[in-house]
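The block underneath contains the structure these notes are about, expressed in structure tokens.
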Amino acid sequence: MASNAESPEATPAAGPQSGTGPQPGDRPAVGFELADGLAHVRLDRPDTRNALDTAMAVGLRDAARRCAEASGLRAVLISGAGPAFSVGGDIGVFAEATDHERAALLRGMAALYHEALRRFRDLDAPIVCAVHGAVAGGGLGLLYCADLVLAAEGTRFALGYGALGLSSDGGSSWFLPRMVGPKRAAELYFEQRVLTAHEAADWGLVSRVVPAEAIRQEALAVARRLAAGPTRAYAEMRHLLNDSGDRSLADHLAAEERAMFRTAATADAAEGIAAFTGKREPHYQGR
């Protein structure tokens, strides 16, 4: 969960923070709202630029569980409050720990955070991620789990682990070679490369770049459109896309056949076909 927040090349970020996150009575480190089938997961430690600590790792795990268990979930929006999406791990917390404490702390945080990422990755609903300011270290993990990533103009992306003498977490070593290729992944790791929003789009880390002042409105509009779509078909599409890199063509064609069989029997498929032939807009119910 390391952050390159203090690199002079990265988007300016808060310096080392102390403490372990919100205490009882404070607002939670991760906000969660669910309305009309759309879940909004919001990183909410703006004073630390959403640096990841234990409280945030717990909050993300719980939010992912709530999404997985929610009946009627049709889409998820992940965003961050304050000046940055996430600058990665809370270096101030790590600096205050002894070597033994630091190792135990990072392992515990990674276990919580990785459970959240696994659950987000496995959801039967599409995920939209809106990023701005800076995305560093472990914060990139949430982008990897999203289906559509909108980046505000001016956002910077970096790993930063090597600058701290750490390896990596958040799935970077698994996702990045698949998303940007092994050589570009190595450049991000070994050369501490910082990407602009447009470079991140060119490399395939984000879907598109939008004006900074429009990021929240645009991301919400996209998430609402997905939440009004054919949810079960989206679930099948999501799993097919996520699994495509780990199957042979023959196995994947068979998986497509099974998915098509399942979606063909849904009410949304009947509605979509009727709307198409009737030259009208479909009204999907997510069934």
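For the structure tokens, the naming scheme is as follows: chains receive sequential letters (A, B, ...) according to their order of presentation, residues are indexed from 1 within each chain, and ligands are indexed from 1 in presentation order.
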Q: Write out as a ChimeraX atom specification the residues lying within 7 Å of segment 134-148 of chain A, counting only C-alpha atoms and excluding same-chain residues fewer than 6 positions away.
A: /A:1-4,11,84-89,117,120-121,126-128,155-161,169-172,175,207
Q. So which residues touch Val180 of chain A within 12 Å, counting only C-alpha atoms, skipping near sequence neighbours fewer than 4 positions away, as an MDAnalysis selection string?
A. chainID A and resid 144 172:176 184:188 199:206
Output all heavy atoms for every residue in that selection, as a compact mmCIF listing (two decimals), in the first residue's frame.
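Full text of again14.txt as output:
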# COMPACT_ATOMS: atom_id res chain seq x y z
N TYR A 144 -8.14 -1.29 -10.81
CA TYR A 144 -8.04 -2.57 -11.49
C TYR A 144 -9.36 -3.34 -11.43
O TYR A 144 -9.69 -4.09 -12.35
CB TYR A 144 -6.95 -3.43 -10.86
CG TYR A 144 -5.58 -2.81 -10.78
CD1 TYR A 144 -4.74 -3.08 -9.70
CD2 TYR A 144 -5.10 -1.97 -11.78
CE1 TYR A 144 -3.48 -2.52 -9.60
CE2 TYR A 144 -3.83 -1.41 -11.69
CZ TYR A 144 -3.02 -1.69 -10.59
OH TYR A 144 -1.77 -1.13 -10.50
N SER A 172 -1.14 -5.06 -8.12
CA SER A 172 -0.42 -4.40 -9.22
C SER A 172 0.42 -5.37 -10.04
O SER A 172 0.48 -5.27 -11.26
CB SER A 172 0.47 -3.28 -8.66
OG SER A 172 -0.30 -2.16 -8.27
N SER A 173 1.12 -6.29 -9.37
CA SER A 173 2.01 -7.20 -10.10
C SER A 173 1.23 -8.22 -10.92
O SER A 173 1.81 -8.88 -11.80
CB SER A 173 2.96 -7.90 -9.13
OG SER A 173 2.26 -8.65 -8.18
N TRP A 174 -0.08 -8.37 -10.67
CA TRP A 174 -0.92 -9.28 -11.48
C TRP A 174 -1.63 -8.50 -12.58
O TRP A 174 -1.63 -8.89 -13.75
CB TRP A 174 -1.95 -9.97 -10.59
CG TRP A 174 -2.66 -11.11 -11.26
CD1 TRP A 174 -2.29 -12.43 -11.28
CD2 TRP A 174 -3.90 -11.05 -12.01
NE1 TRP A 174 -3.20 -13.18 -11.99
CE2 TRP A 174 -4.19 -12.36 -12.45
CE3 TRP A 174 -4.76 -10.02 -12.33
CZ2 TRP A 174 -5.32 -12.66 -13.20
CZ3 TRP A 174 -5.89 -10.31 -13.10
CH2 TRP A 174 -6.16 -11.62 -13.52
N PHE A 175 -2.22 -7.37 -12.22
CA PHE A 175 -3.01 -6.62 -13.18
C PHE A 175 -2.17 -5.87 -14.21
O PHE A 175 -2.48 -5.87 -15.40
CB PHE A 175 -3.91 -5.61 -12.46
CG PHE A 175 -5.12 -6.23 -11.81
CD1 PHE A 175 -5.14 -6.45 -10.45
CD2 PHE A 175 -6.23 -6.57 -12.56
CE1 PHE A 175 -6.26 -7.01 -9.83
CE2 PHE A 175 -7.35 -7.13 -11.97
CZ PHE A 175 -7.37 -7.35 -10.60
N LEU A 176 -1.12 -5.20 -13.76
CA LEU A 176 -0.39 -4.32 -14.66
C LEU A 176 0.21 -5.03 -15.88
O LEU A 176 0.09 -4.53 -17.00
CB LEU A 176 0.69 -3.55 -13.91
CG LEU A 176 0.19 -2.38 -13.06
CD1 LEU A 176 1.32 -1.76 -12.26
CD2 LEU A 176 -0.48 -1.32 -13.94
N ARG A 184 6.13 -2.18 -19.80
CA ARG A 184 5.62 -0.95 -19.21
C ARG A 184 5.37 -1.12 -17.71
O ARG A 184 5.59 -0.19 -16.92
CB ARG A 184 4.34 -0.51 -19.93
CG ARG A 184 4.60 0.17 -21.25
CD ARG A 184 3.33 0.63 -21.93
NE ARG A 184 3.60 1.63 -22.95
CZ ARG A 184 2.69 2.15 -23.74
NH1 ARG A 184 1.42 1.77 -23.63
NH2 ARG A 184 3.01 3.06 -24.65
N ALA A 185 4.92 -2.30 -17.32
CA ALA A 185 4.74 -2.56 -15.89
C ALA A 185 6.08 -2.44 -15.17
O ALA A 185 6.18 -1.84 -14.09
CB ALA A 185 4.15 -3.94 -15.68
N ALA A 186 7.14 -2.98 -15.77
CA ALA A 186 8.47 -2.88 -15.17
C ALA A 186 8.93 -1.44 -15.09
O ALA A 186 9.58 -1.03 -14.10
CB ALA A 186 9.47 -3.71 -15.99
N GLU A 187 8.59 -0.63 -16.08
CA GLU A 187 8.95 0.78 -16.04
C GLU A 187 8.28 1.49 -14.86
O GLU A 187 8.90 2.31 -14.18
CB GLU A 187 8.56 1.45 -17.36
CG GLU A 187 9.04 2.88 -17.51
CD GLU A 187 8.72 3.45 -18.89
OE1 GLU A 187 8.24 2.69 -19.76
OE2 GLU A 187 8.95 4.65 -19.09
N LEU A 188 7.02 1.17 -14.63
CA LEU A 188 6.32 1.76 -13.49
C LEU A 188 6.95 1.33 -12.17
O LEU A 188 7.05 2.12 -11.23
CB LEU A 188 4.84 1.36 -13.52
CG LEU A 188 3.99 2.01 -14.61
CD1 LEU A 188 2.64 1.32 -14.72
CD2 LEU A 188 3.79 3.49 -14.34
N GLU A 199 -1.67 9.90 -20.40
CA GLU A 199 -0.78 8.74 -20.55
C GLU A 199 -1.44 7.50 -19.99
O GLU A 199 -1.34 6.41 -20.57
CB GLU A 199 0.55 9.01 -19.85
CG GLU A 199 1.44 10.00 -20.58
CD GLU A 199 2.66 10.38 -19.78
OE1 GLU A 199 2.61 10.35 -18.53
OE2 GLU A 199 3.70 10.70 -20.41
N ALA A 200 -2.11 7.63 -18.84
CA ALA A 200 -2.81 6.49 -18.25
C ALA A 200 -3.88 5.97 -19.19
O ALA A 200 -4.11 4.76 -19.30
CB ALA A 200 -3.40 6.87 -16.90
N ALA A 201 -4.57 6.87 -19.89
CA ALA A 201 -5.57 6.45 -20.88
C ALA A 201 -4.90 5.75 -22.06
O ALA A 201 -5.38 4.71 -22.53
CB ALA A 201 -6.38 7.65 -21.35
N ASP A 202 -3.79 6.29 -22.53
CA ASP A 202 -3.06 5.66 -23.64
C ASP A 202 -2.56 4.28 -23.26
O ASP A 202 -2.53 3.37 -24.10
CB ASP A 202 -1.89 6.54 -24.07
CG ASP A 202 -2.32 7.81 -24.77
OD1 ASP A 202 -3.49 7.86 -25.24
OD2 ASP A 202 -1.53 8.75 -24.85
N TRP A 203 -2.14 4.12 -22.03
CA TRP A 203 -1.61 2.83 -21.56
C TRP A 203 -2.71 1.83 -21.23
O TRP A 203 -2.45 0.65 -21.06
CB TRP A 203 -0.73 3.04 -20.33
CG TRP A 203 0.62 3.60 -20.64
CD1 TRP A 203 0.97 4.44 -21.65
CD2 TRP A 203 1.83 3.34 -19.91
NE1 TRP A 203 2.30 4.74 -21.60
CE2 TRP A 203 2.86 4.07 -20.54
CE3 TRP A 203 2.14 2.58 -18.78
CZ2 TRP A 203 4.18 4.05 -20.09
CZ3 TRP A 203 3.46 2.57 -18.33
CH2 TRP A 203 4.46 3.29 -18.98
N GLY A 204 -3.94 2.27 -21.10
CA GLY A 204 -5.04 1.37 -20.80
C GLY A 204 -5.40 1.26 -19.33
O GLY A 204 -6.18 0.39 -18.95
N LEU A 205 -4.88 2.17 -18.50
CA LEU A 205 -5.22 2.15 -17.08
C LEU A 205 -6.57 2.79 -16.81
O LEU A 205 -7.24 2.43 -15.83
CB LEU A 205 -4.15 2.88 -16.27
CG LEU A 205 -2.85 2.13 -15.99
CD1 LEU A 205 -1.88 3.03 -15.24
CD2 LEU A 205 -3.13 0.87 -15.18
N VAL A 206 -6.97 3.76 -17.63
CA VAL A 206 -8.26 4.41 -17.45
C VAL A 206 -9.01 4.39 -18.77
O VAL A 206 -8.42 4.25 -19.84
CB VAL A 206 -8.11 5.86 -16.92
CG1 VAL A 206 -7.29 5.89 -15.65
CG2 VAL A 206 -7.50 6.78 -17.98
Q. Which residue gives the smallest distance to Ala81 of chain A among A:Ala267, A:Ala163, A:Leu123, A:Val30, with only C-alpha atoms counted?
A. A:Val30
(Q) Between atom CA of Gly80 of chain A and atom CA of Ser167 of chain A, what is the distance in Å, rounded to a tenth? (A)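 So the answer is 24.7 Å.
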Q. Which residues in segment 141-287 of chain A does DSSP call strand (DSSP E)? List them as a list of chain:residue names.
A.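 Assigned to strand (DSSP E), within segment 141-287 of chain A: A:Leu148, A:Val149, A:Leu150, A:Ala151, A:Ala152, A:Arg156, A:Phe157, A:Ala158, A:Leu195, A:Thr196, A:Arg208, A:Val209, A:Val210.
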Create the file for the chosen residues now, containing N, CA, C and O atoms and written as a compact mmCIF listing (two decimals), in the first residue's frame.
# COMPACT_ATOMS: atom_id res chain seq x y z
N LEU A 148 -15.09 0.53 -15.74
CA LEU A 148 -14.89 1.82 -16.39
C LEU A 148 -14.22 2.76 -15.40
O LEU A 148 -14.67 2.87 -14.25
N VAL A 149 -13.15 3.41 -15.83
CA VAL A 149 -12.43 4.35 -14.96
C VAL A 149 -12.38 5.70 -15.65
O VAL A 149 -11.83 5.82 -16.75
N LEU A 150 -12.96 6.69 -15.01
CA LEU A 150 -12.92 8.06 -15.51
C LEU A 150 -11.89 8.84 -14.70
O LEU A 150 -11.93 8.82 -13.46
N ALA A 151 -10.98 9.51 -15.39
CA ALA A 151 -9.93 10.26 -14.72
C ALA A 151 -10.09 11.74 -14.99
O ALA A 151 -10.28 12.16 -16.15
N ALA A 152 -10.02 12.53 -13.95
CA ALA A 152 -10.07 13.98 -14.11
C ALA A 152 -8.78 14.48 -14.74
O ALA A 152 -7.70 13.96 -14.46
N ARG A 156 -2.54 12.30 -11.56
CA ARG A 156 -1.25 11.63 -11.72
C ARG A 156 -1.34 10.22 -11.14
O ARG A 156 -2.01 9.99 -10.14
N PHE A 157 -0.63 9.29 -11.79
CA PHE A 157 -0.66 7.88 -11.41
C PHE A 157 0.77 7.38 -11.18
O PHE A 157 1.65 7.63 -12.01
N ALA A 158 1.00 6.66 -10.09
CA ALA A 158 2.35 6.14 -9.80
C ALA A 158 2.24 4.98 -8.83
O ALA A 158 1.25 4.83 -8.11
N LEU A 195 2.61 8.77 -14.39
CA LEU A 195 1.83 8.97 -15.60
C LEU A 195 0.84 10.11 -15.43
O LEU A 195 0.22 10.27 -14.37
N THR A 196 0.66 10.88 -16.49
CA THR A 196 -0.43 11.85 -16.53
C THR A 196 -1.73 11.11 -16.82
O THR A 196 -1.74 9.92 -17.17
N ARG A 208 -11.20 6.92 -19.94
CA ARG A 208 -11.14 8.21 -20.61
C ARG A 208 -10.86 9.31 -19.59
O ARG A 208 -11.02 9.12 -18.39
N VAL A 209 -10.46 10.46 -20.12
CA VAL A 209 -10.15 11.63 -19.31
C VAL A 209 -11.27 12.65 -19.50
O VAL A 209 -11.72 12.88 -20.63
N VAL A 210 -11.70 13.25 -18.40
CA VAL A 210 -12.77 14.25 -18.46
C VAL A 210 -12.29 15.52 -17.76
O VAL A 210 -11.37 15.47 -16.93
Q. Using only C-alpha atoms, which residues sit within 12 Å of Ala270 of chain A once same-chain residues fewer than 6 positions away are excluded, as a list in words?
A.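 In the requested form, the answer reads Pro230, Ala233, Thr263, Ala264, Phe276, Thr277, Gly278, Pro282, His283, Tyr284, Gln285, Gly286 and Arg287 of chain A.
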Using N, CA, C and O atoms, can you export the residues from the last selection as an mmCIF file, in the first residue's frame?
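out.cif, freshly written:
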data_model
loop_
_atom_site.group_PDB
_atom_site.id
_atom_site.type_symbol
_atom_site.label_atom_id
_atom_site.label_comp_id
_atom_site.auth_asym_id
_atom_site.auth_seq_id
_atom_site.Cartn_x
_atom_site.Cartn_y
_atom_site.Cartn_z
ATOM 1 N N PRO A 230 -29.316 -3.849 -18.362
ATOM 2 C CA PRO A 230 -29.647 -5.265 -18.164
ATOM 3 C C PRO A 230 -28.641 -5.922 -17.215
ATOM 4 O O PRO A 230 -27.626 -6.467 -17.653
ATOM 5 N N ALA A 233 -27.183 -9.479 -17.749
ATOM 6 C CA ALA A 233 -26.303 -9.534 -18.919
ATOM 7 C C ALA A 233 -24.973 -8.862 -18.607
ATOM 8 O O ALA A 233 -23.902 -9.354 -18.983
ATOM 9 N N THR A 263 -28.573 -15.690 -20.178
ATOM 10 C CA THR A 263 -29.168 -14.362 -20.380
ATOM 11 C C THR A 263 -30.363 -14.408 -21.324
ATOM 12 O O THR A 263 -31.278 -13.591 -21.212
ATOM 13 N N ALA A 264 -30.388 -15.363 -22.253
ATOM 14 C CA ALA A 264 -31.492 -15.445 -23.213
ATOM 15 C C ALA A 264 -32.823 -15.703 -22.526
ATOM 16 O O ALA A 264 -33.885 -15.335 -23.063
ATOM 17 N N PHE A 276 -36.186 -3.276 -29.257
ATOM 18 C CA PHE A 276 -35.462 -3.127 -30.518
ATOM 19 C C PHE A 276 -36.416 -3.244 -31.692
ATOM 20 O O PHE A 276 -36.396 -2.416 -32.621
ATOM 21 N N THR A 277 -37.255 -4.290 -31.676
ATOM 22 C CA THR A 277 -38.187 -4.481 -32.787
ATOM 23 C C THR A 277 -39.269 -3.409 -32.805
ATOM 24 O O THR A 277 -39.790 -3.052 -33.864
ATOM 25 N N GLY A 278 -39.613 -2.890 -31.613
ATOM 26 C CA GLY A 278 -40.631 -1.843 -31.528
ATOM 27 C C GLY A 278 -40.080 -0.449 -31.689
ATOM 28 O O GLY A 278 -40.828 0.533 -31.572
ATOM 29 N N PRO A 282 -35.529 0.577 -24.284
ATOM 30 C CA PRO A 282 -35.865 -0.504 -23.353
ATOM 31 C C PRO A 282 -35.956 0.009 -21.912
ATOM 32 O O PRO A 282 -35.349 1.004 -21.563
ATOM 33 N N HIS A 283 -36.732 -0.693 -21.129
ATOM 34 C CA HIS A 283 -36.861 -0.366 -19.707
ATOM 35 C C HIS A 283 -36.507 -1.639 -18.915
ATOM 36 O O HIS A 283 -37.374 -2.486 -18.681
ATOM 37 N N TYR A 284 -35.252 -1.756 -18.583
ATOM 38 C CA TYR A 284 -34.763 -2.959 -17.933
ATOM 39 C C TYR A 284 -35.060 -2.935 -16.430
ATOM 40 O O TYR A 284 -35.032 -1.880 -15.789
ATOM 41 N N GLN A 285 -35.316 -4.108 -15.905
ATOM 42 C CA GLN A 285 -35.598 -4.265 -14.474
ATOM 43 C C GLN A 285 -34.480 -4.988 -13.730
ATOM 44 O O GLN A 285 -34.578 -5.197 -12.527
ATOM 45 N N GLY A 286 -33.441 -5.382 -14.440
ATOM 46 C CA GLY A 286 -32.351 -6.102 -13.780
ATOM 47 C C GLY A 286 -32.696 -7.541 -13.475
ATOM 48 O O GLY A 286 -32.083 -8.159 -12.598
ATOM 49 N N ARG A 287 -33.650 -8.114 -14.235
ATOM 50 C CA ARG A 287 -34.061 -9.505 -13.991
ATOM 51 C C ARG A 287 -33.990 -10.305 -15.303
ATOM 52 O O ARG A 287 -34.155 -9.788 -16.371
#
Q: Name the residues of segment 24-106 of chain A that come out as helix (DSSP H, G or I) in a backbone DSSP run; write them as a ChimeraX atom specification.
A: /A:46-48,54-69,91-96,99-106
(Q) At a cut-off of 9 Å, using only C-alpha atoms, what residues contact Arg224 of chain A? Leave out same-chain residues fewer than 6 positions from it and give the result as JSON, numbers by chain. (A) {"A": [36, 37, 38, 75, 77]}
Export, as a PDB file, in the first residue's frame, the selected residues with all heavy atoms.
ATOM      1  N   ASP A  36     -31.633   2.999  -5.277  1.00  0.00           N
ATOM      2  CA  ASP A  36     -32.072   2.700  -6.646  1.00  0.00           C
ATOM      3  C   ASP A  36     -31.110   1.764  -7.365  1.00  0.00           C
ATOM      4  O   ASP A  36     -30.846   1.915  -8.565  1.00  0.00           O
ATOM      5  CB  ASP A  36     -32.247   3.996  -7.445  1.00  0.00           C
ATOM      6  CG  ASP A  36     -33.288   4.925  -6.837  1.00  0.00           C
ATOM      7  OD1 ASP A  36     -34.304   4.414  -6.327  1.00  0.00           O
ATOM      8  OD2 ASP A  36     -33.083   6.152  -6.855  1.00  0.00           O
ATOM      9  N   GLY A  37     -30.569   0.797  -6.624  1.00  0.00           N
ATOM     10  CA  GLY A  37     -29.684  -0.197  -7.219  1.00  0.00           C
ATOM     11  C   GLY A  37     -28.253   0.250  -7.399  1.00  0.00           C
ATOM     12  O   GLY A  37     -27.411  -0.546  -7.828  1.00  0.00           O
ATOM     13  N   LEU A  38     -27.950   1.512  -7.089  1.00  0.00           N
ATOM     14  CA  LEU A  38     -26.593   2.039  -7.260  1.00  0.00           C
ATOM     15  C   LEU A  38     -25.925   2.211  -5.903  1.00  0.00           C
ATOM     16  O   LEU A  38     -26.418   2.967  -5.058  1.00  0.00           O
ATOM     17  CB  LEU A  38     -26.628   3.377  -7.998  1.00  0.00           C
ATOM     18  CG  LEU A  38     -25.302   4.124  -8.136  1.00  0.00           C
ATOM     19  CD1 LEU A  38     -24.295   3.286  -8.908  1.00  0.00           C
ATOM     20  CD2 LEU A  38     -25.510   5.474  -8.812  1.00  0.00           C
ATOM     21  N   ALA A  75     -25.235  -1.514  -9.965  1.00  0.00           N
ATOM     22  CA  ALA A  75     -23.984  -0.860 -10.350  1.00  0.00           C
ATOM     23  C   ALA A  75     -23.327  -0.300  -9.098  1.00  0.00           C
ATOM     24  O   ALA A  75     -23.975  -0.100  -8.071  1.00  0.00           O
ATOM     25  CB  ALA A  75     -24.217   0.246 -11.370  1.00  0.00           C
ATOM     26  N   LEU A  77     -20.367   2.750  -7.839  1.00  0.00           N
ATOM     27  CA  LEU A  77     -19.512   3.893  -8.121  1.00  0.00           C
ATOM     28  C   LEU A  77     -18.513   4.024  -6.983  1.00  0.00           C
ATOM     29  O   LEU A  77     -18.895   4.069  -5.816  1.00  0.00           O
ATOM     30  CB  LEU A  77     -20.340   5.175  -8.236  1.00  0.00           C
ATOM     31  CG  LEU A  77     -19.564   6.494  -8.333  1.00  0.00           C
ATOM     32  CD1 LEU A  77     -18.692   6.517  -9.579  1.00  0.00           C
ATOM     33  CD2 LEU A  77     -20.528   7.678  -8.318  1.00  0.00           C
TER      34      LEU A  77
END
Tell me which protein, DNA and RNA residues are within 7 Å of segment 106-115 of chain A, counting only C-alpha atoms, leaving out same-chain ones fewer than 4 positions away, and put them as a PDB file with N, CA, C and O atoms, in the first residue's frame.
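result-v8.pdb, freshly written:
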ATOM      1  N   THR A  54      -5.472   1.151   8.410  1.00  0.00           N
ATOM      2  CA  THR A  54      -6.276  -0.009   8.796  1.00  0.00           C
ATOM      3  C   THR A  54      -7.760   0.308   8.760  1.00  0.00           C
ATOM      4  O   THR A  54      -8.569  -0.508   8.304  1.00  0.00           O
ATOM      5  N   ALA A  57      -8.917   0.183   5.218  1.00  0.00           N
ATOM      6  CA  ALA A  57      -8.931  -1.195   4.726  1.00  0.00           C
ATOM      7  C   ALA A  57     -10.150  -1.949   5.251  1.00  0.00           C
ATOM      8  O   ALA A  57     -10.815  -2.689   4.506  1.00  0.00           O
ATOM      9  N   VAL A  58     -10.469  -1.760   6.533  1.00  0.00           N
ATOM     10  CA  VAL A  58     -11.669  -2.372   7.106  1.00  0.00           C
ATOM     11  C   VAL A  58     -12.917  -1.824   6.415  1.00  0.00           C
ATOM     12  O   VAL A  58     -13.843  -2.574   6.069  1.00  0.00           O
ATOM     13  N   LEU A  60     -13.265  -0.562   3.415  1.00  0.00           N
ATOM     14  CA  LEU A  60     -13.402  -1.075   2.051  1.00  0.00           C
ATOM     15  C   LEU A  60     -13.845  -2.527   2.046  1.00  0.00           C
ATOM     16  O   LEU A  60     -14.671  -2.931   1.225  1.00  0.00           O
ATOM     17  N   ARG A  61     -13.288  -3.314   2.965  1.00  0.00           N
ATOM     18  CA  ARG A  61     -13.741  -4.709   3.056  1.00  0.00           C
ATOM     19  C   ARG A  61     -15.230  -4.765   3.362  1.00  0.00           C
ATOM     20  O   ARG A  61     -15.983  -5.530   2.741  1.00  0.00           O
ATOM     21  N   ARG A 102       5.731  -2.880  11.909  1.00  0.00           N
ATOM     22  CA  ARG A 102       5.437  -2.464  10.539  1.00  0.00           C
ATOM     23  C   ARG A 102       5.094  -3.669   9.663  1.00  0.00           C
ATOM     24  O   ARG A 102       4.150  -3.625   8.865  1.00  0.00           O
ATOM     25  N   ARG A 119     -13.640  -9.221  -3.600  1.00  0.00           N
ATOM     26  CA  ARG A 119     -15.100  -9.126  -3.617  1.00  0.00           C
ATOM     27  C   ARG A 119     -15.586  -8.146  -4.693  1.00  0.00           C
ATOM     28  O   ARG A 119     -16.566  -8.424  -5.392  1.00  0.00           O
ATOM     29  N   ASP A 169       1.452  -4.372  -3.380  1.00  0.00           N
ATOM     30  CA  ASP A 169       0.212  -5.050  -3.033  1.00  0.00           C
ATOM     31  C   ASP A 169      -0.886  -4.486  -3.925  1.00  0.00           C
ATOM     32  O   ASP A 169      -0.612  -3.834  -4.923  1.00  0.00           O
ATOM     33  N   GLY A 170      -2.127  -4.762  -3.572  1.00  0.00           N
ATOM     34  CA  GLY A 170      -3.235  -4.230  -4.353  1.00  0.00           C
ATOM     35  C   GLY A 170      -3.403  -4.858  -5.722  1.00  0.00           C
ATOM     36  O   GLY A 170      -4.179  -4.371  -6.534  1.00  0.00           O
TER      37      GLY A 170
END
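Pairwise distance (atom CA of Ala130 of chain A, atom CA of Ile215 of chain A) equals 6.8 Å.
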Q | From A:Leu240, A:Leu73, A:Ala55, A:Ala274, residue lying nearest Leu105 of chain A [only C-alpha atoms] | A |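 Closest residue, counting only C-alpha atoms: A:Ala55.
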**Q.** Minimum-distance residue to Asp122 of chain A, chosen among A:Leu241, A:Ala68, A:Ala63, A:Met260 (using only C-alpha atoms)
**A.** A:Ala68
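If you look at atom CA of Gly272 of chain A and atom CA of Gln217 of chain A, they are 27.3 Å away from each other.
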